[in-house]
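Peer 1: Can you read through this structure? Questions will come right after.
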Amino acid sequence: MTISEYFRTIKYFFEREWHFLLHTRRKLFYFILITPVILFTVLIGVFANPVIREIPIAVIDEDNSALSLELTSIIQASPYVNIIEKVPNMKVAEKLIRGGKIYGIVLIPEDFSKRALGYKGAEVVLYYNNELFIVGSLVNKGVFSAVKDYSDFHNKKYMMSHGVPAYDADFQVHPVNIGEKILFNPYLNYQYFFVFGLIPAAFQLFVICVVLYGVLYEERSRKYLDIIDMVNKAPFSYTFGKLLPYAVLFAFSGMFMLFVLFVYIKVPMVSGYWKIIIATMMYVYVSMAAGLFIAVILRPLAFSAAAVYAAPTFAYAGISFPQVAMPKYAYYLSEFFPLTHYHRVLVNEAIRGSAPYNSTGSEILYLFLLGTFVFAVSIIVIKLYSHIYLRRQV
């Protein structure tokens with residue numbers, strides 16, 4: 001075929017697919033437009049409160065002294081925890097924490113004030129639920145910092161009562177201070193942590209499923225037999241022309257995803273947008289390639305295979321568990337998931353800031369090469385299947 005014939009074939013399949021979307025399967029067209037809005041809205045709603053505050057805990061005050069009440073009020077002043085109940089014993093507290101109503105228990109023993117006033121090392125015990133590790137770490141941080149401030153205040157007060165100047169007392173209480181400089185996400189914003197991964201992961205599954213439906217619906221219908229000869233002669237033109245309308249719609253959906261992330265959620269943008277926009281288009285490209293590959297290779301089990309492929313994407317992207325801590329096989333396997341590379345671009349450009357030593361350029365190139373390879377394999381399979389079918393008809 002000449003170049004002009006290739007372009008005419010691409011145009012034919014492109015217009016044919018638009019007609020399919022706008023007339024034959026109009027519901028699919030509306031589905032492509034509306035689903036990303038619903039999907040992103042639902043995910044945003046889960047993380048409407050981006051910063052975790054006032055985690056419910058309980059206090060068991062066996063001492064019931066002025067000092068224990070003072071400590072309780074200091075713990076309550078922490079922004080991370082909220083004492084919702086003072087319980088009489090551990091049995092009641094255990095029932096609350098097992099029922100998910102509280103995430104921590106502060107036990108003030110009955111000899112607390114006696115040991116504190118006698119400077120014999122009073123102890124406060126914290127039990128906390130670390131099933132949700134971020135919540136558990138925040139409970140620990142809130143109670144620990146409150147108890148430390150309380151202990152430092154009374155140590156300093158004791159030293160000053162024995163004639164130690166305020167400056168010397170403060171130095172003895174804090175001989176070494178740590179200057180904490182949090183570089184990225186200083187407020188422990190849940191949205192930066194999860195939404196950066198969840199929304200692209202859900203978007204990828206959406207793209208794959210739409211491509212699956214678009215390809216498989218036609219192949220299972222009798223209309224596909226009318227064009228199978230053209231498909232055999234020009235599988236690239238067929239693939240390009242058929243998927244181009246979806247690519248246009250997905251590109252708009254991808255831009256809407258960026259609008260949600262950077263305008264609505266207001267994720268900070270340290271660098272510029274252009275690299276993220278290019279990476280988003282490459283992410284759409286490789287996701288469409290994955291959908292086509294699954295459709296032509298695993299026809300009977302395509303949607304199940306898509307679910308199996310997409311399910312571990314979030315875990316392998318290094319969002320909830322760092323890649324460097326993964327076993328070697330898991331680390332190398334994670335490199336084959338597009339979300340891993342797209343998430344790196346988002347983090348590099350938006351949170352950390354573009355720099356000569358980050359991997360943004362190579363990540364974008366990898367997405368393009370991976371998508372191109374998968375598309376090439378899929379087109380070869382399409383060519384092979386159509387050729388075998390035509391030979392059987394002879």
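Please note that chains go A, B, ... in the order of the structure tokens, that every chain numbers its residues from 1, and that ligands are numbered from 1 in the order shown.
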Just the residues within 10 Å of Ile74 (chain A), please, counting only C-alpha atoms, with nothing from its chain fewer than 4 positions along; format it as a short mmCIF file (atom, residue, chain, number, x, y, z; two decimals) with N, CA and C atoms, in the first residue's frame.
Peer 2:
data_model
loop_
_atom_site.label_atom_id
_atom_site.label_comp_id
_atom_site.auth_asym_id
_atom_site.auth_seq_id
_atom_site.Cartn_x
_atom_site.Cartn_y
_atom_site.Cartn_z
N SER A 68 -1.98 14.17 87.18
CA SER A 68 -2.52 13.35 86.11
C SER A 68 -3.55 14.13 85.29
N LEU A 69 -4.32 14.98 85.95
CA LEU A 69 -5.28 15.83 85.23
C LEU A 69 -4.54 16.84 84.34
N GLU A 70 -3.42 17.35 84.86
CA GLU A 70 -2.61 18.29 84.07
C GLU A 70 -2.05 17.61 82.83
N SER A 78 -2.90 18.42 72.15
CA SER A 78 -2.19 18.01 70.94
C SER A 78 -3.15 18.02 69.75
N VAL A 143 0.91 11.83 71.51
CA VAL A 143 1.01 11.52 72.95
C VAL A 143 2.46 11.65 73.41
N SER A 145 4.95 13.51 72.21
CA SER A 145 5.39 14.91 72.31
C SER A 145 4.74 15.62 73.49
N ALA A 146 3.46 15.29 73.77
CA ALA A 146 2.77 15.91 74.92
C ALA A 146 3.42 15.48 76.23
N VAL A 147 3.70 14.19 76.39
CA VAL A 147 4.32 13.69 77.62
C VAL A 147 5.74 14.24 77.76
N ASP A 149 6.87 17.15 76.58
CA ASP A 149 6.76 18.55 76.98
C ASP A 149 6.42 18.67 78.46
N TYR A 150 5.52 17.80 78.91
CA TYR A 150 5.12 17.80 80.32
C TYR A 150 6.32 17.46 81.21
#
Peer 1: Within 8 Å of Pro338 (chain A), counting only C-alpha atoms, which residues show up once you throw out same-chain ones fewer than 3 positions away? Write them as a list in words, please.
Peer 2: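 Final neighbour list, sorted by chain and number: Tyr283, Val286, Ser287, Glu335, His341, Tyr342 and Leu367 of chain A.
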Peer 1: Restricting the calculation to only C-alpha atoms: of A:Ile102, A:Leu39, A:Ile3, A:Leu67, which residue gets closest to Met257 (chain A)?
Peer 2: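 Residue with the minimum atom-to-atom distance to Met257 (chain A): A:Leu39.
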Peer 1: Using DSSP on the backbone, list every residue of region 40-210 of chain A that comes out as strand (DSSP E or B), and give them as a CSV table (one decimal) with N, CA, C and O atoms, in the first residue's frame.
Peer 2:
chain,number,residue,atom,x,y,z
A,51,VAL,N,-5.5,16.3,55.9
A,51,VAL,CA,-4.6,16.2,57.0
A,51,VAL,C,-5.3,15.6,58.2
A,51,VAL,O,-6.4,16.0,58.6
A,55,ILE,N,-7.4,12.4,66.3
A,55,ILE,CA,-7.7,11.0,66.2
A,55,ILE,C,-8.2,10.6,67.6
A,55,ILE,O,-7.6,10.9,68.6
A,56,PRO,N,-9.3,9.9,67.7
A,56,PRO,CA,-9.9,9.5,69.0
A,56,PRO,C,-9.1,8.5,69.8
A,56,PRO,O,-8.7,7.5,69.3
A,57,ILE,N,-8.9,8.9,71.0
A,57,ILE,CA,-8.2,8.0,72.0
A,57,ILE,C,-9.0,8.0,73.3
A,57,ILE,O,-9.9,8.8,73.5
A,58,ALA,N,-8.6,7.2,74.2
A,58,ALA,CA,-9.2,7.1,75.6
A,58,ALA,C,-8.1,7.2,76.6
A,58,ALA,O,-6.9,6.9,76.3
A,59,VAL,N,-8.5,7.6,77.8
A,59,VAL,CA,-7.5,7.7,78.9
A,59,VAL,C,-8.0,6.9,80.1
A,59,VAL,O,-9.2,7.0,80.5
A,60,ILE,N,-7.1,6.1,80.7
A,60,ILE,CA,-7.4,5.4,82.0
A,60,ILE,C,-6.6,6.1,83.0
A,60,ILE,O,-5.4,6.0,83.1
A,61,ASP,N,-7.2,6.9,83.9
A,61,ASP,CA,-6.5,7.7,84.9
A,61,ASP,C,-6.7,7.0,86.2
A,61,ASP,O,-7.7,7.2,86.9
A,81,VAL,N,-4.5,14.2,68.5
A,81,VAL,CA,-5.4,13.3,69.2
A,81,VAL,C,-6.5,14.0,69.9
A,81,VAL,O,-6.4,15.2,70.1
A,82,ASN,N,-7.5,13.3,70.2
A,82,ASN,CA,-8.7,13.8,70.9
A,82,ASN,C,-9.2,12.8,71.9
A,82,ASN,O,-9.6,11.7,71.5
A,83,ILE,N,-9.2,13.2,73.1
A,83,ILE,CA,-9.6,12.2,74.2
A,83,ILE,C,-11.1,12.3,74.2
A,83,ILE,O,-11.7,13.3,74.7
A,84,ILE,N,-11.8,11.2,73.7
A,84,ILE,CA,-13.2,11.2,73.6
A,84,ILE,C,-13.9,10.6,74.8
A,84,ILE,O,-15.1,10.8,75.0
A,85,GLU,N,-13.0,9.9,75.6
A,85,GLU,CA,-13.6,9.2,76.8
A,85,GLU,C,-12.6,8.9,77.8
A,85,GLU,O,-11.5,8.5,77.4
A,86,LYS,N,-13.0,9.0,79.1
A,86,LYS,CA,-12.1,8.6,80.2
A,86,LYS,C,-12.8,7.3,80.7
A,86,LYS,O,-13.9,7.4,81.2
A,104,GLY,N,-6.2,4.6,70.3
A,104,GLY,CA,-5.1,4.6,71.3
A,104,GLY,C,-5.7,4.7,72.7
A,104,GLY,O,-6.8,5.1,73.0
A,105,ILE,N,-4.9,4.1,73.7
A,105,ILE,CA,-5.2,4.2,75.1
A,105,ILE,C,-4.1,4.7,75.9
A,105,ILE,O,-2.9,4.1,75.8
A,106,VAL,N,-4.3,5.7,76.7
A,106,VAL,CA,-3.2,6.2,77.6
A,106,VAL,C,-3.5,5.8,79.0
A,106,VAL,O,-4.6,6.1,79.5
A,107,LEU,N,-2.6,5.0,79.6
A,107,LEU,CA,-2.8,4.5,80.9
A,107,LEU,C,-1.9,5.3,81.9
A,107,LEU,O,-0.7,5.2,81.8
A,108,ILE,N,-2.5,6.0,82.8
A,108,ILE,CA,-1.8,6.7,83.9
A,108,ILE,C,-1.9,5.9,85.1
A,108,ILE,O,-3.0,5.8,85.7
A,125,VAL,N,1.8,4.7,80.1
A,125,VAL,CA,1.8,3.7,79.1
A,125,VAL,C,0.8,4.0,77.9
A,125,VAL,O,-0.3,4.4,78.2
A,126,LEU,N,1.3,3.9,76.7
A,126,LEU,CA,0.5,4.1,75.5
A,126,LEU,C,0.3,2.9,74.8
A,126,LEU,O,1.2,2.2,74.3
A,127,TYR,N,-1.0,2.5,74.6
A,127,TYR,CA,-1.4,1.4,73.7
A,127,TYR,C,-2.0,2.0,72.5
A,127,TYR,O,-2.9,2.8,72.6
A,128,TYR,N,-1.5,1.7,71.3
A,128,TYR,CA,-2.1,2.2,70.1
A,128,TYR,C,-2.2,1.2,69.0
A,128,TYR,O,-1.4,0.3,68.9
A,189,ASN,N,0.1,15.5,54.4
A,189,ASN,CA,-1.1,15.6,53.7
A,189,ASN,C,-1.4,14.2,53.0
A,189,ASN,O,-0.6,13.8,52.1
Peer 1: Excluding Ala279 (chain A) and its own-chain neighbours fewer than 2 positions away, which residues fall within 8 Å of it when counting only C-alpha atoms? Please give them as a ChimeraX atom specification.
Peer 2: /A:275-277,281-283,342,345,364,367
Peer 1: List the spatial neighbours of Leu249 (chain A) as a list in words - criterion: any atom at most 8 Å away, only C-alpha atoms, same-chain residues fewer than 3 positions off excluded.
Peer 2: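 Using only C-alpha atoms, the neighbours found are Ile32, Leu33, Pro245, Tyr246, Phe252 and Ser253 of chain A.
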Peer 1: Any chance you can output those residues with N, CA and C atoms as an mmCIF file, in the first residue's frame?
Peer 2:
data_model
loop_
_atom_site.group_PDB
_atom_site.id
_atom_site.type_symbol
_atom_site.label_atom_id
_atom_site.label_comp_id
_atom_site.auth_asym_id
_atom_site.auth_seq_id
_atom_site.Cartn_x
_atom_site.Cartn_y
_atom_site.Cartn_z
ATOM 1 N N ILE A 32 -17.581 7.306 28.492
ATOM 2 C CA ILE A 32 -16.214 7.816 28.459
ATOM 3 C C ILE A 32 -16.151 9.246 28.998
ATOM 4 N N LEU A 33 -17.164 10.047 28.741
ATOM 5 C CA LEU A 33 -17.165 11.435 29.181
ATOM 6 C C LEU A 33 -17.490 11.575 30.665
ATOM 7 N N PRO A 245 -9.978 7.942 17.928
ATOM 8 C CA PRO A 245 -11.056 8.654 18.623
ATOM 9 C C PRO A 245 -11.006 8.491 20.139
ATOM 10 N N TYR A 246 -10.668 7.278 20.587
ATOM 11 C CA TYR A 246 -10.552 7.049 22.018
ATOM 12 C C TYR A 246 -9.381 7.845 22.600
ATOM 13 N N PHE A 252 -8.465 14.349 26.729
ATOM 14 C CA PHE A 252 -9.256 15.327 27.475
ATOM 15 C C PHE A 252 -9.486 14.855 28.915
ATOM 16 N N SER A 253 -9.717 13.564 29.088
ATOM 17 C CA SER A 253 -9.892 13.016 30.442
ATOM 18 C C SER A 253 -8.612 13.161 31.255
#
Peer 1: I want to know what sits within 12 Å of Val215 (chain A), based on only C-alpha atoms, with residues of the same chain fewer than 2 positions away left out; could you give that as a ChimeraX atom specification?
Peer 2: /A:17,20,208-213,217-221,224,238-239,242-243,246,288-289,291-297,299,302-303,378,382
Peer 1: Skipping near chain neighbours, those fewer than 4 positions away, what residues fall within 12 Å of Val37 (chain A) using only C-alpha atoms, listed as JSON, numbers by chain?
Peer 2: {"A": [30, 31, 32, 33, 41, 42, 43, 44, 199, 202, 203, 206, 252, 253, 254, 255, 256, 257, 259, 260]}
Peer 1: What is the distance between CA of Val308 (chain A) and CA of Tyr366 (chain A), in Å to one decimal?
Peer 2: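 CA of Val308 (chain A) sits 22.6 Å away from CA of Tyr366 (chain A).
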